[in-house]
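Please read the structure below before turning to the comments.
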Amino acid sequence: MTSQPRKSFDEVVYPCLEPRKTGMLKVNDLHTLYWEASGTAAGQPVVVLHGGPGGGSQTDYRRYFNPEKYNIVIFDQRGCGKSTPHAELKDNNTQALVADIELLRQHLEIDKWFVFGGSWGSTLSLMYAIHHPDRVLGLILRGIFLCRRSELLWFYQDGASHIFPDAFEPYRNHIPEEERGDLIAAYYKRLTSDDSKVRQGAAREWCLWEMSTSKLIPDVKYTDKADNLEFAAAFSRIECHYFINRIFVEDGFILNKAKVLENIPMFIVQGRYDVVCPMKSAWELHSALPHSKLQVVPDAGHSMGEVGIAEKLVNITDSLV
């Protein structure tokens with residue numbers, strides 16, 4: 001019996017797509033956000049929330065939706081991607097991002113929309129839905145991250161390091177031994193340093209650690225992102241800023257407020273071997289909201305670019321139109 005050849009990423013998503021409309025939305029005196037709309041204006045509205053925080057949007061995000069049936073809205077959150085000012089931490093917090101999503105919805109004159117997000121994007125999707133449940137048609141989530149202290153310690157201090165000790169070593173060794181008891185705090189000190197070389201060095205190591213662990217099979221295209229100093233500066237600074245501040249909410253906030261979401265359709269795709277956002281969080285969210293539909297991909301890690309995860313996500317979006 002011969003096994004079927006494995007599909008490629010390009011075979012399970014839609015073809016590359018250019019936005020039909022782009023714009024810049026001023027959300028306060030300091031921050032202006034880049035946004036774009038793809039697909040058809042008359043289609044089912046969906047907003048895509050990128051990861052990080054600070055990761056910025058990617059052109060491939062458009063490809064998880066049928067462009068003939070969806071109005072695909074994507075934007076760069078405060079301080080990253082094409083939004084300005086770049087890598088800015090002032091006025092950059094979870095409550096502000098939730099307000100930005102709602103402001104963008106109003107600006108685009110959309111009544112209700114699906115919300116699609118993975119990793120930090122799943123956190124922000126859940127936070128938005130908790131605060132604006134009447135505007136959410138459904139949640140399509142991947143790589144659940146509830147941003148609890150335990151999850152942060154697992155990835156940035158001690159946990160994932162047991163699975164990827166080789167990738168963890170340079171991340172840890174960038175910090176002097178006497179500061180290694182709290183690596184997030186040590187990196188925050190350097191990522192907010194007045195010395196650009198100190199900031200860049202810390203940004204590269206922080207970013208490289210995450211990119212080295214995002215896929216079941218390491219991908220050089222991911223790890224090379226750490227050498228893009230502009231990307232790494234925003235990604236690492238903004239992530240660390242949010243995490244040292246516990247994402248500006250009480251620990252366990254999302255699960256404590258889960259009841260608010262019980263009437264919102266929810267679809268969860270989780271890689272079994274996700275080291276960045278281990279499956280425990282997806283399982284606990286699903287247990288708190290039994291109406292949610294959890295699909296576990298047996299041969300995937302964290303990235304939405306992994307074929308098994310991408311295929312499940314596209315199957316979900318296809319089923320909703």
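Quick note on naming: the chains in the structure tokens go A, B, ... in the order shown, residues restart at 1 in each chain, and ligands are numbered from 1 in order of appearance.
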For Ala234 of chain A, list every protein, DNA or RNA residue within 7 Å, evaluated using only C-alpha atoms, and leave out those in the same chain fewer than 4 positions away; present the list as a PDB file with N, CA and C atoms, in the first residue's frame.
ATOM      1  N   GLY A  54       3.262  42.401  18.109  1.00  0.00           N
ATOM      2  CA  GLY A  54       4.362  43.022  17.398  1.00  0.00           C
ATOM      3  C   GLY A  54       4.786  42.305  16.142  1.00  0.00           C
ATOM      4  N   GLY A  79       2.504  49.944  16.468  1.00  0.00           N
ATOM      5  CA  GLY A  79       3.950  49.860  16.553  1.00  0.00           C
ATOM      6  C   GLY A  79       4.625  48.863  15.636  1.00  0.00           C
ATOM      7  N   CYS A  80       3.867  48.154  14.797  1.00  0.00           N
ATOM      8  CA  CYS A  80       4.530  47.130  13.968  1.00  0.00           C
ATOM      9  C   CYS A  80       4.017  47.150  12.533  1.00  0.00           C
ATOM     10  N   HIS A  86       7.052  53.210  14.462  1.00  0.00           N
ATOM     11  CA  HIS A  86       7.567  51.844  14.503  1.00  0.00           C
ATOM     12  C   HIS A  86       8.131  51.508  15.874  1.00  0.00           C
ATOM     13  N   ALA A  87       7.757  50.320  16.380  1.00  0.00           N
ATOM     14  CA  ALA A  87       8.278  49.765  17.644  1.00  0.00           C
ATOM     15  C   ALA A  87       7.960  50.644  18.856  1.00  0.00           C
ATOM     16  N   GLU A 230      14.672  45.307  11.499  1.00  0.00           N
ATOM     17  CA  GLU A 230      13.447  46.119  11.609  1.00  0.00           C
ATOM     18  C   GLU A 230      12.309  45.272  12.166  1.00  0.00           C
ATOM     19  N   ILE A 238       7.912  44.847  21.473  1.00  0.00           N
ATOM     20  CA  ILE A 238       6.493  44.933  21.809  1.00  0.00           C
ATOM     21  C   ILE A 238       6.057  43.679  22.564  1.00  0.00           C
TER      22      ILE A 238
END
Next on the checklist: What's around Ile316 of chain A at 12 Å? Count only C-alpha atoms, leave out sequence neighbours fewer than 2 positions away in its own chain, and write the answer as a list in words.
Outcome noted: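 Close residues of Ile316 of chain A: Val13, Tyr64, Phe65, Asn66, Phe114, Phe116, Gly138, Leu139, Ile140, Leu141, Arg142, Pro265, Met266, Phe267, Ile268, Val269, Lys293, Leu294, Gln295, Ile309, Ala310, Glu311, Lys312, Leu313, Val314, Asp318, Ser319, Leu320 and Val321 of chain A.
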Could you write out that same residue set with N, CA, C and O atoms as an mmCIF file, in the first residue's frame?
data_model
loop_
_atom_site.group_PDB
_atom_site.id
_atom_site.type_symbol
_atom_site.label_atom_id
_atom_site.label_comp_id
_atom_site.auth_asym_id
_atom_site.auth_seq_id
_atom_site.Cartn_x
_atom_site.Cartn_y
_atom_site.Cartn_z
ATOM 1 N N VAL A 13 -4.207 26.302 0.502
ATOM 2 C CA VAL A 13 -4.737 27.653 0.675
ATOM 3 C C VAL A 13 -5.122 28.222 -0.689
ATOM 4 O O VAL A 13 -4.875 27.600 -1.721
ATOM 5 N N TYR A 64 -6.276 32.373 3.394
ATOM 6 C CA TYR A 64 -7.049 31.403 4.173
ATOM 7 C C TYR A 64 -8.553 31.553 3.942
ATOM 8 O O TYR A 64 -9.349 30.853 4.572
ATOM 9 N N PHE A 65 -8.921 32.418 2.982
ATOM 10 C CA PHE A 65 -10.334 32.726 2.742
ATOM 11 C C PHE A 65 -10.621 32.739 1.250
ATOM 12 O O PHE A 65 -9.802 33.198 0.460
ATOM 13 N N ASN A 66 -11.811 32.261 0.896
ATOM 14 C CA ASN A 66 -12.254 32.318 -0.492
ATOM 15 C C ASN A 66 -12.480 33.782 -0.863
ATOM 16 O O ASN A 66 -13.387 34.428 -0.325
ATOM 17 N N PHE A 114 -16.529 37.987 11.412
ATOM 18 C CA PHE A 114 -15.786 36.880 11.992
ATOM 19 C C PHE A 114 -14.425 37.416 12.436
ATOM 20 O O PHE A 114 -13.881 38.351 11.834
ATOM 21 N N PHE A 116 -10.526 36.166 13.261
ATOM 22 C CA PHE A 116 -9.599 35.072 12.941
ATOM 23 C C PHE A 116 -8.232 35.426 13.517
ATOM 24 O O PHE A 116 -7.677 36.484 13.206
ATOM 25 N N GLY A 138 -18.341 34.932 14.851
ATOM 26 C CA GLY A 138 -17.715 33.681 15.247
ATOM 27 C C GLY A 138 -16.224 33.893 15.403
ATOM 28 O O GLY A 138 -15.656 34.870 14.889
ATOM 29 N N LEU A 139 -15.572 32.992 16.138
ATOM 30 C CA LEU A 139 -14.138 33.048 16.377
ATOM 31 C C LEU A 139 -13.466 31.855 15.714
ATOM 32 O O LEU A 139 -13.857 30.706 15.955
ATOM 33 N N ILE A 140 -12.461 32.121 14.901
ATOM 34 C CA ILE A 140 -11.664 31.075 14.251
ATOM 35 C C ILE A 140 -10.251 31.234 14.798
ATOM 36 O O ILE A 140 -9.541 32.196 14.471
ATOM 37 N N LEU A 141 -9.847 30.297 15.655
ATOM 38 C CA LEU A 141 -8.634 30.470 16.457
ATOM 39 C C LEU A 141 -7.632 29.351 16.203
ATOM 40 O O LEU A 141 -8.014 28.216 15.923
ATOM 41 N N ARG A 142 -6.352 29.687 16.384
ATOM 42 C CA ARG A 142 -5.279 28.711 16.187
ATOM 43 C C ARG A 142 -4.184 28.944 17.212
ATOM 44 O O ARG A 142 -3.860 30.080 17.525
ATOM 45 N N PRO A 265 -20.126 31.213 18.143
ATOM 46 C CA PRO A 265 -19.485 30.041 17.531
ATOM 47 C C PRO A 265 -17.964 30.155 17.610
ATOM 48 O O PRO A 265 -17.408 31.231 17.373
ATOM 49 N N MET A 266 -17.312 29.048 17.981
ATOM 50 C CA MET A 266 -15.863 29.084 18.175
ATOM 51 C C MET A 266 -15.227 27.830 17.586
ATOM 52 O O MET A 266 -15.665 26.717 17.866
ATOM 53 N N PHE A 267 -14.210 28.043 16.762
ATOM 54 C CA PHE A 267 -13.487 26.950 16.113
ATOM 55 C C PHE A 267 -12.013 27.075 16.506
ATOM 56 O O PHE A 267 -11.419 28.139 16.356
ATOM 57 N N ILE A 268 -11.445 25.985 16.999
ATOM 58 C CA ILE A 268 -10.067 25.994 17.492
ATOM 59 C C ILE A 268 -9.253 24.944 16.731
ATOM 60 O O ILE A 268 -9.645 23.773 16.671
ATOM 61 N N VAL A 269 -8.140 25.367 16.159
ATOM 62 C CA VAL A 269 -7.193 24.442 15.515
ATOM 63 C C VAL A 269 -5.896 24.504 16.320
ATOM 64 O O VAL A 269 -5.345 25.582 16.549
ATOM 65 N N LYS A 293 -15.518 23.987 18.919
ATOM 66 C CA LYS A 293 -15.104 22.817 18.140
ATOM 67 C C LYS A 293 -13.581 22.808 18.046
ATOM 68 O O LYS A 293 -12.984 23.654 17.379
ATOM 69 N N LEU A 294 -12.977 21.860 18.736
ATOM 70 C CA LEU A 294 -11.515 21.746 18.790
ATOM 71 C C LEU A 294 -11.038 20.674 17.830
ATOM 72 O O LEU A 294 -11.501 19.532 17.871
ATOM 73 N N GLN A 295 -10.103 21.048 16.948
ATOM 74 C CA GLN A 295 -9.465 20.094 16.041
ATOM 75 C C GLN A 295 -7.967 20.093 16.331
ATOM 76 O O GLN A 295 -7.318 21.142 16.241
ATOM 77 N N ILE A 309 -2.252 22.495 9.732
ATOM 78 C CA ILE A 309 -2.988 23.582 10.373
ATOM 79 C C ILE A 309 -3.676 24.446 9.316
ATOM 80 O O ILE A 309 -4.865 24.781 9.444
ATOM 81 N N ALA A 310 -2.947 24.806 8.266
ATOM 82 C CA ALA A 310 -3.527 25.642 7.209
ATOM 83 C C ALA A 310 -4.747 24.975 6.580
ATOM 84 O O ALA A 310 -5.771 25.619 6.328
ATOM 85 N N GLU A 311 -4.633 23.682 6.335
ATOM 86 C CA GLU A 311 -5.751 22.966 5.699
ATOM 87 C C GLU A 311 -6.996 22.981 6.584
ATOM 88 O O GLU A 311 -8.115 23.204 6.105
ATOM 89 N N LYS A 312 -6.822 22.768 7.880
ATOM 90 C CA LYS A 312 -7.974 22.793 8.806
ATOM 91 C C LYS A 312 -8.600 24.185 8.846
ATOM 92 O O LYS A 312 -9.829 24.328 8.854
ATOM 93 N N LEU A 313 -7.776 25.218 8.872
ATOM 94 C CA LEU A 313 -8.300 26.570 8.928
ATOM 95 C C LEU A 313 -9.102 26.915 7.677
ATOM 96 O O LEU A 313 -10.178 27.522 7.754
ATOM 97 N N VAL A 314 -8.586 26.538 6.512
ATOM 98 C CA VAL A 314 -9.299 26.812 5.266
ATOM 99 C C VAL A 314 -10.607 26.014 5.205
ATOM 100 O O VAL A 314 -11.642 26.543 4.759
ATOM 101 N N ASP A 318 -14.153 27.888 4.712
ATOM 102 C CA ASP A 318 -15.026 27.467 3.609
ATOM 103 C C ASP A 318 -16.416 27.054 4.113
ATOM 104 O O ASP A 318 -17.425 27.272 3.447
ATOM 105 N N SER A 319 -16.453 26.433 5.296
ATOM 106 C CA SER A 319 -17.722 25.913 5.806
ATOM 107 C C SER A 319 -18.652 27.017 6.311
ATOM 108 O O SER A 319 -19.844 26.777 6.531
ATOM 109 N N LEU A 320 -18.130 28.221 6.479
ATOM 110 C CA LEU A 320 -18.915 29.307 7.083
ATOM 111 C C LEU A 320 -19.543 30.245 6.056
ATOM 112 O O LEU A 320 -20.229 31.196 6.431
ATOM 113 N N VAL A 321 -19.318 29.979 4.788
ATOM 114 C CA VAL A 321 -19.903 30.830 3.725
ATOM 115 C C VAL A 321 -20.633 29.959 2.697
ATOM 116 O O VAL A 321 -20.444 28.768 2.611
#
Please provide as a PDB file with all heavy atoms, in the first residue's frame all residues within 9 Å of Asp227 of chain A, with the sequence filter that same-chain residues fewer than 3 positions apart are discarded (counting only C-alpha atoms).
ATOM      1  N   ARG A 204      17.406  40.351  18.436  1.00  0.00           N
ATOM      2  CA  ARG A 204      17.738  39.206  17.585  1.00  0.00           C
ATOM      3  C   ARG A 204      17.609  37.896  18.358  1.00  0.00           C
ATOM      4  O   ARG A 204      17.004  36.928  17.862  1.00  0.00           O
ATOM      5  CB  ARG A 204      19.153  39.344  17.029  1.00  0.00           C
ATOM      6  CG  ARG A 204      19.518  38.216  16.078  1.00  0.00           C
ATOM      7  CD  ARG A 204      20.958  38.279  15.604  1.00  0.00           C
ATOM      8  NE  ARG A 204      21.204  37.229  14.628  1.00  0.00           N
ATOM      9  CZ  ARG A 204      21.460  35.950  14.943  1.00  0.00           C
ATOM     10  NH1 ARG A 204      21.500  35.579  16.228  1.00  0.00           N
ATOM     11  NH2 ARG A 204      21.665  35.056  13.995  1.00  0.00           N
ATOM     12  N   CYS A 207      13.901  37.037  19.273  1.00  0.00           N
ATOM     13  CA  CYS A 207      13.172  36.645  18.065  1.00  0.00           C
ATOM     14  C   CYS A 207      13.619  35.270  17.574  1.00  0.00           C
ATOM     15  O   CYS A 207      12.787  34.425  17.212  1.00  0.00           O
ATOM     16  CB  CYS A 207      13.399  37.701  16.987  1.00  0.00           C
ATOM     17  SG  CYS A 207      12.465  37.440  15.472  1.00  0.00           S
ATOM     18  N   LEU A 208      14.918  35.026  17.574  1.00  0.00           N
ATOM     19  CA  LEU A 208      15.451  33.752  17.077  1.00  0.00           C
ATOM     20  C   LEU A 208      14.942  32.585  17.910  1.00  0.00           C
ATOM     21  O   LEU A 208      14.625  31.520  17.370  1.00  0.00           O
ATOM     22  CB  LEU A 208      16.984  33.789  17.094  1.00  0.00           C
ATOM     23  CG  LEU A 208      17.698  32.569  16.508  1.00  0.00           C
ATOM     24  CD1 LEU A 208      17.314  32.353  15.050  1.00  0.00           C
ATOM     25  CD2 LEU A 208      19.208  32.719  16.641  1.00  0.00           C
ATOM     26  N   THR A 223      13.614  31.284  10.953  1.00  0.00           N
ATOM     27  CA  THR A 223      14.750  31.712  11.771  1.00  0.00           C
ATOM     28  C   THR A 223      15.460  32.917  11.166  1.00  0.00           C
ATOM     29  O   THR A 223      16.022  33.740  11.900  1.00  0.00           O
ATOM     30  CB  THR A 223      15.745  30.554  11.974  1.00  0.00           C
ATOM     31  OG1 THR A 223      16.123  30.018  10.699  1.00  0.00           O
ATOM     32  CG2 THR A 223      15.107  29.440  12.802  1.00  0.00           C
ATOM     33  N   ASP A 224      15.406  33.060   9.845  1.00  0.00           N
ATOM     34  CA  ASP A 224      16.041  34.209   9.196  1.00  0.00           C
ATOM     35  C   ASP A 224      15.375  35.533   9.574  1.00  0.00           C
ATOM     36  O   ASP A 224      15.976  36.600   9.414  1.00  0.00           O
ATOM     37  CB  ASP A 224      16.024  34.046   7.677  1.00  0.00           C
ATOM     38  CG  ASP A 224      17.112  33.099   7.176  1.00  0.00           C
ATOM     39  OD1 ASP A 224      17.963  32.693   7.995  1.00  0.00           O
ATOM     40  OD2 ASP A 224      17.105  32.757   5.978  1.00  0.00           O
ATOM     41  N   GLU A 230      14.672  45.307  11.499  1.00  0.00           N
ATOM     42  CA  GLU A 230      13.447  46.119  11.609  1.00  0.00           C
ATOM     43  C   GLU A 230      12.309  45.272  12.166  1.00  0.00           C
ATOM     44  O   GLU A 230      11.584  45.692  13.074  1.00  0.00           O
ATOM     45  CB  GLU A 230      13.070  46.698  10.248  1.00  0.00           C
ATOM     46  CG  GLU A 230      11.898  47.670  10.326  1.00  0.00           C
ATOM     47  CD  GLU A 230      11.608  48.347   9.000  1.00  0.00           C
ATOM     48  OE1 GLU A 230      12.366  48.146   8.034  1.00  0.00           O
ATOM     49  OE2 GLU A 230      10.618  49.083   8.934  1.00  0.00           O
ATOM     50  N   PHE A 231      12.141  44.052  11.634  1.00  0.00           N
ATOM     51  CA  PHE A 231      11.104  43.152  12.142  1.00  0.00           C
ATOM     52  C   PHE A 231      11.384  42.767  13.596  1.00  0.00           C
ATOM     53  O   PHE A 231      10.514  42.853  14.456  1.00  0.00           O
ATOM     54  CB  PHE A 231      11.031  41.879  11.282  1.00  0.00           C
ATOM     55  CG  PHE A 231      10.142  40.812  11.873  1.00  0.00           C
ATOM     56  CD1 PHE A 231       8.771  40.857  11.689  1.00  0.00           C
ATOM     57  CD2 PHE A 231      10.678  39.779  12.635  1.00  0.00           C
ATOM     58  CE1 PHE A 231       7.932  39.883  12.248  1.00  0.00           C
ATOM     59  CE2 PHE A 231       9.861  38.802  13.208  1.00  0.00           C
ATOM     60  CZ  PHE A 231       8.487  38.862  13.003  1.00  0.00           C
ATOM     61  N   ALA A 232      12.629  42.356  13.870  1.00  0.00           N
ATOM     62  CA  ALA A 232      12.975  41.884  15.212  1.00  0.00           C
ATOM     63  C   ALA A 232      12.804  42.981  16.257  1.00  0.00           C
ATOM     64  O   ALA A 232      12.376  42.726  17.383  1.00  0.00           O
ATOM     65  CB  ALA A 232      14.409  41.348  15.227  1.00  0.00           C
TER      66      ALA A 232
END
Checklist entry - In Å, with one decimal, what is the gap from atom CA of Glu169 of chain A to atom CA of Gln157 of chain A? => result 11.4 Å
Next on the checklist: Using DSSP secondary structure from the backbone, list all alpha helix (DSSP H) positions within segment 85-258 of chain A, as a PyMOL selection string.
Outcome noted: chain A and resi 94-107+120-131+149-156+165-173+183-191+196-212+220-223+229-244+253-256
